[in-house]
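Just model16.cif here, mmCIF, C-alpha atoms:
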data_model
#
loop_
_atom_site.group_PDB
_atom_site.id
_atom_site.type_symbol
_atom_site.label_atom_id
_atom_site.label_comp_id
_atom_site.auth_asym_id
_atom_site.auth_seq_id
_atom_site.Cartn_x
_atom_site.Cartn_y
_atom_site.Cartn_z
ATOM 1 C CA MET A 1 -16.549 -17.874 7.204
ATOM 2 C CA THR A 2 -14.955 -14.435 7.477
ATOM 3 C CA GLN A 3 -16.359 -12.206 10.182
ATOM 4 C CA SER A 4 -18.362 -9.280 8.838
ATOM 5 C CA GLN A 5 -16.616 -5.927 9.138
ATOM 6 C CA ASN A 6 -17.362 -2.321 8.332
ATOM 7 C CA ILE A 7 -15.111 -1.425 5.428
ATOM 8 C CA VAL A 8 -14.393 2.265 5.029
ATOM 9 C CA LEU A 9 -13.391 3.338 1.518
ATOM 10 C CA VAL A 10 -11.272 6.485 1.279
ATOM 11 C CA GLY A 11 -10.341 7.954 -2.103
ATOM 12 C CA ALA A 12 -6.922 9.573 -2.280
ATOM 13 C CA PRO A 13 -6.549 10.949 -5.823
ATOM 14 C CA LEU A 14 -3.048 12.288 -5.351
ATOM 15 C CA ASP A 15 -0.780 12.376 -8.369
ATOM 16 C CA CYS A 16 2.109 14.389 -7.006
ATOM 17 C CA GLY A 17 4.597 11.733 -5.935
ATOM 18 C CA LYS A 18 6.153 11.431 -9.374
ATOM 19 C CA ALA A 19 6.271 13.134 -12.754
ATOM 20 C CA ARG A 20 4.068 10.741 -14.757
ATOM 21 C CA LYS A 21 0.402 11.560 -14.331
ATOM 22 C CA GLY A 22 -2.736 9.407 -14.254
ATOM 23 C CA CYS A 23 -2.978 7.977 -10.723
ATOM 24 C CA LEU A 24 -5.484 10.628 -9.690
ATOM 25 C CA MET A 25 -8.085 8.580 -11.572
ATOM 26 C CA GLY A 26 -7.353 5.496 -9.474
ATOM 27 C CA PRO A 27 -10.074 5.880 -6.814
ATOM 28 C CA ASP A 28 -12.848 6.154 -9.386
ATOM 29 C CA ALA A 29 -11.410 3.207 -11.315
ATOM 30 C CA TYR A 30 -11.722 1.055 -8.190
ATOM 31 C CA ARG A 31 -15.265 2.238 -7.688
ATOM 32 C CA THR A 32 -16.103 1.513 -11.327
ATOM 33 C CA ALA A 33 -14.539 -1.956 -11.000
ATOM 34 C CA GLY A 34 -17.040 -2.653 -8.225
ATOM 35 C CA ILE A 35 -15.001 -2.681 -5.037
ATOM 36 C CA ALA A 36 -18.001 -1.816 -2.845
ATOM 37 C CA ARG A 37 -20.165 -4.444 -4.530
ATOM 38 C CA ALA A 38 -17.463 -7.117 -4.191
ATOM 39 C CA LEU A 39 -17.028 -6.488 -0.466
ATOM 40 C CA THR A 40 -20.742 -6.213 0.224
ATOM 41 C CA ALA A 41 -21.216 -9.595 -1.452
ATOM 42 C CA LEU A 42 -18.854 -11.046 1.150
ATOM 43 C CA GLY A 43 -21.156 -9.870 3.940
ATOM 44 C CA HIS A 44 -19.287 -6.703 4.889
ATOM 45 C CA SER A 45 -20.886 -3.319 5.285
ATOM 46 C CA VAL A 46 -19.207 -0.671 3.140
ATOM 47 C CA THR A 47 -19.052 3.054 3.737
ATOM 48 C CA ASP A 48 -17.496 5.275 1.063
ATOM 49 C CA LEU A 49 -16.192 8.534 2.526
ATOM 50 C CA GLY A 50 -15.498 9.970 -0.917
ATOM 51 C CA ASN A 51 -12.240 11.600 -1.917
ATOM 52 C CA VAL A 52 -9.829 13.452 0.349
ATOM 53 C CA ALA A 53 -8.343 16.803 -0.723
ATOM 54 C CA PRO A 54 -4.872 18.031 0.250
ATOM 55 C CA ASP A 55 -4.366 20.654 2.939
ATOM 56 C CA ALA A 56 -3.140 24.075 1.868
ATOM 57 C CA ASN A 57 0.300 25.171 3.072
ATOM 58 C CA ASP A 58 2.969 27.736 2.299
ATOM 59 C CA ILE A 59 5.913 25.342 2.232
ATOM 60 C CA PRO A 60 8.363 26.343 -0.527
ATOM 61 C CA GLU A 61 9.382 23.931 -3.228
ATOM 62 C CA ARG A 62 12.912 22.533 -3.163
ATOM 63 C CA ASP A 63 15.167 21.967 -6.127
ATOM 64 C CA GLY A 64 15.486 18.299 -6.965
ATOM 65 C CA LEU A 65 12.204 17.290 -5.305
ATOM 66 C CA VAL A 66 8.956 16.780 -7.207
ATOM 67 C CA ASN A 67 5.874 18.602 -5.834
ATOM 68 C CA LEU A 68 7.128 18.878 -2.244
ATOM 69 C CA SER A 69 4.473 21.347 -1.057
ATOM 70 C CA GLU A 70 1.531 19.424 -2.524
ATOM 71 C CA THR A 71 2.864 16.128 -1.189
ATOM 72 C CA ILE A 72 3.101 17.553 2.331
ATOM 73 C CA GLY A 73 -0.462 18.868 1.948
ATOM 74 C CA TRP A 74 -1.653 15.379 1.105
ATOM 75 C CA THR A 75 0.382 13.917 3.968
ATOM 76 C CA THR A 76 -1.226 16.082 6.642
ATOM 77 C CA ALA A 77 -4.720 15.550 5.205
ATOM 78 C CA LEU A 78 -4.361 11.778 4.937
ATOM 79 C CA MET A 79 -2.708 11.451 8.337
ATOM 80 C CA ARG A 80 -5.774 13.088 9.877
ATOM 81 C CA THR A 81 -8.237 11.172 7.689
ATOM 82 C CA ALA A 82 -6.589 7.823 8.459
ATOM 83 C CA GLN A 83 -6.903 8.401 12.204
ATOM 84 C CA GLU A 84 -10.595 9.208 11.750
ATOM 85 C CA ALA A 85 -11.417 6.441 9.268
ATOM 86 C CA ILE A 86 -9.875 3.600 11.254
ATOM 87 C CA GLN A 87 -12.152 4.429 14.171
ATOM 88 C CA GLN A 88 -15.097 3.504 11.927
ATOM 89 C CA GLY A 89 -13.843 0.145 10.680
ATOM 90 C CA LEU A 90 -11.194 -1.258 8.356
ATOM 91 C CA PRO A 91 -10.132 1.515 5.990
ATOM 92 C CA ILE A 92 -9.099 0.900 2.392
ATOM 93 C CA PHE A 93 -7.187 3.876 1.024
ATOM 94 C CA MET A 94 -7.662 3.924 -2.740
ATOM 95 C CA GLY A 95 -4.843 5.766 -4.493
ATOM 96 C CA GLY A 96 -3.349 7.645 -6.024
ATOM 97 C CA ASP A 97 0.391 7.082 -6.048
ATOM 98 C CA HIS A 98 2.374 5.600 -3.181
ATOM 99 C CA ALA A 99 3.058 9.018 -1.667
ATOM 100 C CA LEU A 100 -0.358 8.550 -0.021
ATOM 101 C CA SER A 101 1.320 6.210 2.485
ATOM 102 C CA LEU A 102 3.279 9.184 3.842
ATOM 103 C CA GLY A 103 -0.044 10.010 5.508
ATOM 104 C CA THR A 104 -1.906 6.729 5.874
ATOM 105 C CA VAL A 105 0.775 4.726 7.685
ATOM 106 C CA PRO A 106 1.539 7.326 10.390
ATOM 107 C CA GLY A 107 -2.197 7.954 10.740
ATOM 108 C CA VAL A 108 -3.112 4.341 11.470
ATOM 109 C CA ALA A 109 0.026 3.964 13.609
ATOM 110 C CA ALA A 110 -1.172 6.851 15.769
ATOM 111 C CA HIS A 111 -4.478 5.051 16.313
ATOM 112 C CA ALA A 112 -2.683 1.820 17.208
ATOM 113 C CA ALA A 113 -0.527 3.695 19.719
ATOM 114 C CA GLN A 114 -3.637 5.153 21.335
ATOM 115 C CA ASP A 115 -4.973 1.602 21.671
ATOM 116 C CA GLY A 116 -1.687 0.383 23.128
ATOM 117 C CA ARG A 117 -0.981 -1.878 20.153
ATOM 118 C CA PRO A 118 2.246 -2.103 18.136
ATOM 119 C CA GLN A 119 1.859 -1.165 14.478
ATOM 120 C CA PHE A 120 3.240 -3.501 11.824
ATOM 121 C CA VAL A 121 3.461 -2.797 8.085
ATOM 122 C CA LEU A 122 3.513 -5.260 5.173
ATOM 123 C CA TRP A 123 4.807 -3.564 2.020
ATOM 124 C CA LEU A 124 4.021 -5.432 -1.216
ATOM 125 C CA ASP A 125 6.069 -3.631 -3.827
ATOM 126 C CA ALA A 126 8.782 -3.906 -6.451
ATOM 127 C CA HIS A 127 10.467 -0.972 -4.688
ATOM 128 C CA SER A 128 11.431 -0.503 -1.062
ATOM 129 C CA ASP A 129 10.307 3.162 -0.966
ATOM 130 C CA PHE A 130 13.019 3.701 1.639
ATOM 131 C CA ASN A 131 14.610 6.861 0.255
ATOM 132 C CA THR A 132 14.618 10.129 2.162
ATOM 133 C CA LEU A 133 14.502 13.664 0.792
ATOM 134 C CA GLU A 134 18.285 13.629 1.009
ATOM 135 C CA THR A 135 18.924 10.297 -0.748
ATOM 136 C CA THR A 136 16.360 10.286 -3.567
ATOM 137 C CA ALA A 137 18.032 10.578 -6.959
ATOM 138 C CA SER A 138 14.799 11.064 -8.910
ATOM 139 C CA GLY A 139 13.104 13.485 -6.529
ATOM 140 C CA ASN A 140 9.925 11.387 -6.766
ATOM 141 C CA LEU A 141 8.431 11.361 -3.297
ATOM 142 C CA HIS A 142 6.392 8.198 -3.851
ATOM 143 C CA GLY A 143 9.717 6.490 -3.171
ATOM 144 C CA THR A 144 9.998 7.800 0.401
ATOM 145 C CA PRO A 145 6.990 6.787 2.550
ATOM 146 C CA LEU A 146 8.403 3.763 4.343
ATOM 147 C CA ALA A 147 11.534 5.661 5.384
ATOM 148 C CA TYR A 148 9.367 8.487 6.717
ATOM 149 C CA ALA A 149 6.945 6.226 8.577
ATOM 150 C CA THR A 150 9.804 4.396 10.292
ATOM 151 C CA GLY A 151 11.247 7.649 11.603
ATOM 152 C CA GLN A 152 14.306 8.089 9.413
ATOM 153 C CA SER A 153 15.904 11.525 9.324
ATOM 154 C CA GLY A 154 15.937 13.721 6.228
ATOM 155 C CA PHE A 155 12.295 14.837 6.042
ATOM 156 C CA ASP A 156 12.549 18.559 6.748
ATOM 157 C CA GLY A 157 9.202 20.264 6.209
ATOM 158 C CA PHE A 158 7.102 17.163 6.826
ATOM 159 C CA PRO A 159 4.944 17.030 9.960
ATOM 160 C CA ALA A 160 6.266 15.413 13.096
ATOM 161 C CA LEU A 161 5.169 11.790 13.242
ATOM 162 C CA PRO A 162 2.351 11.089 15.712
ATOM 163 C CA ALA A 163 3.724 7.548 16.032
ATOM 164 C CA ILE A 164 6.734 5.785 14.541
ATOM 165 C CA VAL A 165 6.634 2.271 13.100
ATOM 166 C CA PRO A 166 9.851 0.516 14.192
ATOM 167 C CA PRO A 167 11.752 -0.754 11.140
ATOM 168 C CA SER A 168 11.839 -4.218 12.711
ATOM 169 C CA GLN A 169 8.028 -4.256 12.463
ATOM 170 C CA THR A 170 8.023 -3.802 8.698
ATOM 171 C CA CYS A 171 8.310 -6.403 5.963
ATOM 172 C CA ILE A 172 8.751 -5.755 2.240
ATOM 173 C CA ILE A 173 7.971 -8.539 -0.222
ATOM 174 C CA GLY A 174 8.453 -8.475 -3.997
ATOM 175 C CA LEU A 175 11.586 -6.330 -4.287
ATOM 176 C CA ARG A 176 13.322 -6.055 -7.626
ATOM 177 C CA SER A 177 14.380 -2.390 -7.878
ATOM 178 C CA VAL A 178 16.191 -0.881 -4.877
ATOM 179 C CA ASP A 179 18.554 2.112 -4.897
ATOM 180 C CA LEU A 180 21.934 1.705 -3.193
ATOM 181 C CA PRO A 181 21.174 4.298 -0.449
ATOM 182 C CA GLU A 182 17.909 2.489 0.280
ATOM 183 C CA ARG A 183 19.687 -0.839 0.505
ATOM 184 C CA GLU A 184 22.220 0.569 2.960
ATOM 185 C CA LEU A 185 19.570 2.235 5.110
ATOM 186 C CA MET A 186 17.479 -0.927 5.179
ATOM 187 C CA ALA A 187 20.496 -2.957 6.290
ATOM 188 C CA ASP A 188 21.300 -0.436 9.018
ATOM 189 C CA THR A 189 17.754 -0.345 10.391
ATOM 190 C CA GLY A 190 16.789 -4.017 10.212
ATOM 191 C CA VAL A 191 13.872 -3.839 7.784
ATOM 192 C CA ARG A 192 12.870 -7.260 6.512
ATOM 193 C CA GLY A 193 13.075 -7.226 2.722
ATOM 194 C CA TYR A 194 12.544 -10.140 0.338
ATOM 195 C CA ASP A 195 13.228 -9.967 -3.375
ATOM 196 C CA MET A 196 11.793 -12.134 -6.115
ATOM 197 C CA ARG A 197 14.704 -14.558 -5.854
ATOM 198 C CA ALA A 198 13.674 -15.245 -2.266
ATOM 199 C CA ILE A 199 10.129 -15.905 -3.487
ATOM 200 C CA ASP A 200 11.450 -18.186 -6.229
ATOM 201 C CA GLU A 201 13.619 -20.152 -3.806
ATOM 202 C CA SER A 202 11.353 -20.356 -0.753
ATOM 203 C CA GLY A 203 7.840 -19.515 -1.907
ATOM 204 C CA VAL A 204 5.910 -16.473 -0.788
ATOM 205 C CA ALA A 205 4.091 -18.321 1.996
ATOM 206 C CA ALA A 206 7.338 -19.254 3.746
ATOM 207 C CA LEU A 207 8.424 -15.610 3.716
ATOM 208 C CA LEU A 208 5.130 -14.143 4.884
ATOM 209 C CA ARG A 209 4.199 -16.669 7.575
ATOM 210 C CA PRO A 210 6.928 -15.768 10.143
ATOM 211 C CA PHE A 211 6.050 -12.080 9.855
ATOM 212 C CA LEU A 212 2.367 -12.765 10.454
ATOM 213 C CA GLU A 213 3.302 -14.916 13.435
ATOM 214 C CA ASP A 214 5.263 -11.986 14.875
ATOM 215 C CA VAL A 215 2.274 -9.668 14.420
ATOM 216 C CA ALA A 216 -0.010 -12.159 16.145
ATOM 217 C CA LYS A 217 2.366 -12.747 19.071
ATOM 218 C CA ALA A 218 2.654 -9.002 19.654
ATOM 219 C CA GLY A 219 -1.100 -8.417 19.411
ATOM 220 C CA GLY A 220 -0.263 -5.925 16.692
ATOM 221 C CA ALA A 221 -2.239 -3.941 14.165
ATOM 222 C CA LEU A 222 -1.265 -4.694 10.565
ATOM 223 C CA HIS A 223 -1.302 -2.153 7.758
ATOM 224 C CA VAL A 224 -0.908 -3.631 4.267
ATOM 225 C CA SER A 225 0.288 -1.453 1.406
ATOM 226 C CA LEU A 226 -0.294 -3.080 -1.985
ATOM 227 C CA ASP A 227 1.407 -1.460 -4.968
ATOM 228 C CA VAL A 228 0.261 -2.494 -8.444
ATOM 229 C CA ASP A 229 3.898 -3.119 -9.389
ATOM 230 C CA PHE A 230 4.149 -5.920 -6.821
ATOM 231 C CA ILE A 231 2.472 -7.941 -9.562
ATOM 232 C CA ASP A 232 4.217 -8.728 -12.815
ATOM 233 C CA PRO A 233 3.265 -6.159 -15.485
ATOM 234 C CA ALA A 234 2.154 -8.973 -17.773
ATOM 235 C CA TYR A 235 -0.869 -9.292 -15.468
ATOM 236 C CA ALA A 236 -1.110 -5.725 -14.147
ATOM 237 C CA PRO A 237 0.045 -3.246 -16.805
ATOM 238 C CA ALA A 238 -1.594 -0.101 -15.376
ATOM 239 C CA VAL A 239 1.389 1.276 -13.484
ATOM 240 C CA GLY A 240 4.031 3.801 -14.446
ATOM 241 C CA THR A 241 6.838 2.005 -12.591
ATOM 242 C CA THR A 242 6.794 -1.381 -14.290
ATOM 243 C CA VAL A 243 9.556 -3.797 -13.358
ATOM 244 C CA PRO A 244 9.492 -7.215 -15.076
ATOM 245 C CA GLY A 245 9.572 -10.387 -13.044
ATOM 246 C CA GLY A 246 6.984 -9.623 -10.382
ATOM 247 C CA ALA A 247 4.562 -11.796 -8.485
ATOM 248 C CA THR A 248 2.103 -13.915 -10.403
ATOM 249 C CA VAL A 249 -1.622 -13.500 -9.945
ATOM 250 C CA ARG A 250 -1.705 -16.725 -7.972
ATOM 251 C CA GLU A 251 1.131 -15.608 -5.653
ATOM 252 C CA ALA A 252 -0.617 -12.289 -5.054
ATOM 253 C CA HIS A 253 -3.883 -14.026 -4.197
ATOM 254 C CA LEU A 254 -2.054 -16.415 -1.863
ATOM 255 C CA VAL A 255 -0.646 -13.460 0.079
ATOM 256 C CA MET A 256 -4.118 -11.976 0.391
ATOM 257 C CA GLU A 257 -5.690 -15.285 1.374
ATOM 258 C CA MET A 258 -3.055 -15.734 4.083
ATOM 259 C CA LEU A 259 -3.847 -12.249 5.363
ATOM 260 C CA CYS A 260 -7.509 -13.184 5.491
ATOM 261 C CA ASP A 261 -6.788 -16.429 7.319
ATOM 262 C CA SER A 262 -4.677 -14.572 9.872
ATOM 263 C CA GLY A 263 -7.396 -12.035 10.680
ATOM 264 C CA LEU A 264 -4.640 -9.513 11.394
ATOM 265 C CA MET A 265 -5.094 -6.855 8.703
ATOM 266 C CA THR A 266 -6.483 -3.621 10.111
ATOM 267 C CA SER A 267 -5.984 -1.252 7.141
ATOM 268 C CA LEU A 268 -5.075 -1.426 3.457
ATOM 269 C CA ASP A 269 -3.550 0.810 0.771
ATOM 270 C CA LEU A 270 -4.244 0.164 -2.916
ATOM 271 C CA VAL A 271 -1.736 2.326 -4.790
ATOM 272 C CA GLU A 272 -0.136 3.288 -8.097
ATOM 273 C CA LEU A 273 -3.048 2.304 -10.343
ATOM 274 C CA ASN A 274 -2.843 4.481 -13.465
ATOM 275 C CA PRO A 275 -6.005 3.875 -15.516
ATOM 276 C CA MET A 276 -4.426 5.667 -18.487
ATOM 277 C CA LEU A 277 -2.122 2.666 -18.829
ATOM 278 C CA ASP A 278 -4.704 -0.063 -18.242
ATOM 279 C CA GLU A 279 -6.154 -2.542 -20.726
ATOM 280 C CA ARG A 280 -9.954 -2.475 -20.541
ATOM 281 C CA GLY A 281 -9.825 -2.130 -16.769
ATOM 282 C CA ARG A 282 -8.151 -5.448 -16.067
ATOM 283 C CA THR A 283 -5.609 -4.086 -13.571
ATOM 284 C CA ALA A 284 -8.289 -2.261 -11.604
ATOM 285 C CA GLN A 285 -10.363 -5.453 -11.551
ATOM 286 C CA LEU A 286 -7.393 -7.520 -10.389
ATOM 287 C CA MET A 287 -6.696 -5.113 -7.523
ATOM 288 C CA VAL A 288 -10.361 -5.277 -6.488
ATOM 289 C CA ASP A 289 -10.203 -9.071 -6.617
ATOM 290 C CA LEU A 290 -7.082 -9.044 -4.425
ATOM 291 C CA ALA A 291 -8.796 -6.809 -1.881
ATOM 292 C CA ALA A 292 -11.721 -9.233 -1.899
ATOM 293 C CA SER A 293 -9.352 -12.162 -1.276
ATOM 294 C CA ALA A 294 -7.917 -10.341 1.735
ATOM 295 C CA LEU A 295 -11.440 -9.937 3.088
ATOM 296 C CA GLY A 296 -12.868 -13.382 2.649
ATOM 297 C CA ARG A 297 -13.370 -14.377 -0.971
ATOM 298 C CA ARG A 298 -12.203 -17.905 -1.659
ATOM 299 C CA ILE A 299 -10.954 -19.312 -4.920
ATOM 300 C CA PHE A 300 -14.212 -21.196 -5.453
ATOM 301 C CA ASP A 301 -16.170 -17.981 -4.885
ATOM 302 C CA ARG A 302 -14.291 -16.007 -7.498
ATOM 303 C CA PRO A 303 -16.439 -15.082 -10.501
ATOM 304 C CA THR A 304 -15.105 -15.559 -13.993
ATOM 305 C CA PRO A 305 -14.188 -12.078 -15.262
ATOM 306 C CA ARG A 306 -16.053 -10.829 -18.276
ATOM 307 C CA MET A 307 -14.256 -9.013 -21.047
ATOM 308 C CA ILE A 308 -15.427 -5.415 -21.033
#
Using structure tokens, write down the structure that the file contains.
Amino acid sequence: MTQSQNIVLVGAPLDCGKARKGCLMGPDAYRTAGIARALTALGHSVTDLGNVAPDANDIPERDGLVNLSETIGWTTALMRTAQEAIQQGLPIFMGGDHALSLGTVPGVAAHAAQDGRPQFVLWLDAHSDFNTLETTASGNLHGTPLAYATGQSGFDGFPALPAIVPPSQTCIIGLRSVDLPERELMADTGVRGYDMRAIDESGVAALLRPFLEDVAKAGGALHVSLDVDFIDPAYAPAVGTTVPGGATVREAHLVMEMLCDSGLMTSLDLVELNPMLDERGRTAQLMVDLAASALGRRIFDRPTPRMI
């Protein structure tokens, strides 16, 4: 039986990391889909801190970058909030687009550093999000958080990192859309990245298990960042960055069940849910179910979903 934890829900309704809007409704969609109820049913206590708001700043916009000032405002606010929330329990940051991880990952890494623990990051995503402000072709800053959190250069205007996650302590699973500059930077820095071919050939468990073993050996903290587009859009349509050929529902649940078995996860992002693109809430419900799997729900505990 999974040990009871205090789960801290943090809403991050940011919608500035890209041009297409709708992710700001994500936190309330998770609440409506019953995330607190699902986790309480597993024996956890749940505290909902409500929604974060971005900090004000006077940083000028830059040509070619989408919503730079607002994104930096969210980064500073979420960096601070993450450091506070993780002191209360296991935080789940409900997005919002993936730009939220510009704040959440450095925030939890700062807490790990204070505890003398190495911070590891598992990135479940169709994209590597390893662009910098200098390499991004689209200007969408939701494609930059992992590069920022691992201390890459090219982030003028962003706050100094309170702690850096070494690239060797990151693992990306589910890749199927990576820009050439990202690919080169990943190769240079030693990030572990596995595309869908690797999953097809080896199975997701064989890819994830060695990384979890490394986290355990190091006594590390593990932040998990789950993007809706990790999952194939046939099962999870409510995302503006759909890339065909993603993980199946079963593969996604296996990853979460392995995380639960390991007992290593210390924080979680749920990102890129755009309720405007959903079908009767099924993507929001799937993401809630995946969070529940990571926190103790077993396949025989899973309720049959009702059509809304």
TODO: Write out as a ChimeraX atom specification which residues come within 8 Å of Val8 (chain A) when counting only C-alpha atoms, dropping same-chain ones fewer than 4 positions away.
DONE: /A:46-49,85-86,88-92
Open item on the list: So that I can check the surroundings of region 192-202 of chain A, please list as number ranges by chain every protein, DNA and RNA residue that reaches within 6 Å of it, counting all atoms listed in the file and ignoring chain neighbours fewer than 3 positions away.
Closed with: A: 171-176
Open item on the list: So that I can check the surroundings of region 272-284 of chain A, please list as a list in words every protein, DNA and RNA residue that reaches within 7 Å of it, counting all atoms listed in the file and ignoring chain neighbours fewer than 4 positions away.
Closed with: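 Everything that qualifies: Gly22, Cys23, Met25, Gly26, Ala29, Tyr30, Ala33, Gly95, Gly96, Asp97, His98, Asp227, Val228, Ala236, Pro237, Ala238, Val239, Gly240, Val288 and Ile308 of chain A.
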TODO: Starting from the shown file, work through the PyMOL selection byres ((chain A and resi 262) around 10) and note down what comes out as an MDAnalysis selection string.
DONE: chainID A and resid 209 212:213 215:216 256:261 263:265 294
Can you write out the residues you just picked, keeping C-alpha atoms, as a PDB file, in the coordinates of the input?
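selection18.pdb, written as the output of this step:
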ATOM      1  CA  ARG A 209       4.199 -16.669   7.575  1.00  0.00           C
ATOM      2  CA  LEU A 212       2.367 -12.765  10.454  1.00  0.00           C
ATOM      3  CA  GLU A 213       3.302 -14.916  13.435  1.00  0.00           C
ATOM      4  CA  VAL A 215       2.274  -9.668  14.420  1.00  0.00           C
ATOM      5  CA  ALA A 216      -0.010 -12.159  16.145  1.00  0.00           C
ATOM      6  CA  MET A 256      -4.118 -11.976   0.391  1.00  0.00           C
ATOM      7  CA  GLU A 257      -5.690 -15.285   1.374  1.00  0.00           C
ATOM      8  CA  MET A 258      -3.055 -15.734   4.083  1.00  0.00           C
ATOM      9  CA  LEU A 259      -3.847 -12.249   5.363  1.00  0.00           C
ATOM     10  CA  CYS A 260      -7.509 -13.184   5.491  1.00  0.00           C
ATOM     11  CA  ASP A 261      -6.788 -16.429   7.319  1.00  0.00           C
ATOM     12  CA  GLY A 263      -7.396 -12.035  10.680  1.00  0.00           C
ATOM     13  CA  LEU A 264      -4.640  -9.513  11.394  1.00  0.00           C
ATOM     14  CA  MET A 265      -5.094  -6.855   8.703  1.00  0.00           C
ATOM     15  CA  ALA A 294      -7.917 -10.341   1.735  1.00  0.00           C
TER      16      ALA A 294
END
Open item on the list: Show me, as a PyMOL selection string, the residues that have an atom within 10 Å of Thr248 (chain A) when counting only C-alpha atoms, minus same-chain residues fewer than 6 positions from it.
Closed with: chain A and resi 230-236+254
TODO: Record the distance separating CA of Ala137 (chain A) and CA of Pro54 (chain A), expressed in Å with one decimal.
DONE: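 That distance, rounded to one decimal, is 25.1 Å.
Neighbourhood of point (-21.4, -13.0, 1.8): residues with an atom at most 10 Å away, counting only C-alpha atoms, are Met1, Thr2, Gln3, Ser4, Ala38, Leu39, Thr40, Ala41, Leu42, Gly43, His44, Gly296, Arg297 and Asp301 of chain A.
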TODO: Give the answer as one residue: which of A:Thr32, A:Ser101, A:Ser168, A:Asn57 has the shortest atom-to-atom distance to Val271 (chain A), using all atoms listed in the file?
DONE: A:Ser101
Once the PyMOL selection byres ((chain A and resi 156-161) around 12) is applied to the coordinates I shared, what remains selected? I want it as an mmCIF file with C-alpha atoms, keeping the file's coordinate frame.
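The resulting out30.cif:
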data_model
loop_
_atom_site.group_PDB
_atom_site.id
_atom_site.type_symbol
_atom_site.label_atom_id
_atom_site.label_comp_id
_atom_site.auth_asym_id
_atom_site.auth_seq_id
_atom_site.Cartn_x
_atom_site.Cartn_y
_atom_site.Cartn_z
ATOM 1 C CA ASN A 57 0.300 25.171 3.072
ATOM 2 C CA ASP A 58 2.969 27.736 2.299
ATOM 3 C CA ILE A 59 5.913 25.342 2.232
ATOM 4 C CA PRO A 60 8.363 26.343 -0.527
ATOM 5 C CA GLU A 61 9.382 23.931 -3.228
ATOM 6 C CA ARG A 62 12.912 22.533 -3.163
ATOM 7 C CA LEU A 68 7.128 18.878 -2.244
ATOM 8 C CA SER A 69 4.473 21.347 -1.057
ATOM 9 C CA GLU A 70 1.531 19.424 -2.524
ATOM 10 C CA THR A 71 2.864 16.128 -1.189
ATOM 11 C CA ILE A 72 3.101 17.553 2.331
ATOM 12 C CA GLY A 73 -0.462 18.868 1.948
ATOM 13 C CA TRP A 74 -1.653 15.379 1.105
ATOM 14 C CA THR A 75 0.382 13.917 3.968
ATOM 15 C CA THR A 76 -1.226 16.082 6.642
ATOM 16 C CA ALA A 77 -4.720 15.550 5.205
ATOM 17 C CA LEU A 78 -4.361 11.778 4.937
ATOM 18 C CA MET A 79 -2.708 11.451 8.337
ATOM 19 C CA ARG A 80 -5.774 13.088 9.877
ATOM 20 C CA LEU A 102 3.279 9.184 3.842
ATOM 21 C CA GLY A 103 -0.044 10.010 5.508
ATOM 22 C CA THR A 104 -1.906 6.729 5.874
ATOM 23 C CA VAL A 105 0.775 4.726 7.685
ATOM 24 C CA PRO A 106 1.539 7.326 10.390
ATOM 25 C CA GLY A 107 -2.197 7.954 10.740
ATOM 26 C CA VAL A 108 -3.112 4.341 11.470
ATOM 27 C CA ALA A 109 0.026 3.964 13.609
ATOM 28 C CA ALA A 110 -1.172 6.851 15.769
ATOM 29 C CA ALA A 113 -0.527 3.695 19.719
ATOM 30 C CA THR A 132 14.618 10.129 2.162
ATOM 31 C CA LEU A 133 14.502 13.664 0.792
ATOM 32 C CA GLU A 134 18.285 13.629 1.009
ATOM 33 C CA LEU A 141 8.431 11.361 -3.297
ATOM 34 C CA THR A 144 9.998 7.800 0.401
ATOM 35 C CA PRO A 145 6.990 6.787 2.550
ATOM 36 C CA ALA A 147 11.534 5.661 5.384
ATOM 37 C CA TYR A 148 9.367 8.487 6.717
ATOM 38 C CA ALA A 149 6.945 6.226 8.577
ATOM 39 C CA THR A 150 9.804 4.396 10.292
ATOM 40 C CA GLY A 151 11.247 7.649 11.603
ATOM 41 C CA GLN A 152 14.306 8.089 9.413
ATOM 42 C CA SER A 153 15.904 11.525 9.324
ATOM 43 C CA GLY A 154 15.937 13.721 6.228
ATOM 44 C CA PHE A 155 12.295 14.837 6.042
ATOM 45 C CA PRO A 162 2.351 11.089 15.712
ATOM 46 C CA ALA A 163 3.724 7.548 16.032
ATOM 47 C CA ILE A 164 6.734 5.785 14.541
ATOM 48 C CA VAL A 165 6.634 2.271 13.100
#
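Residue nearest His142 (chain A), chosen from A:Ala56, A:Leu14, A:Ala82, A:Leu24 and counting only C-alpha atoms: A:Leu14.
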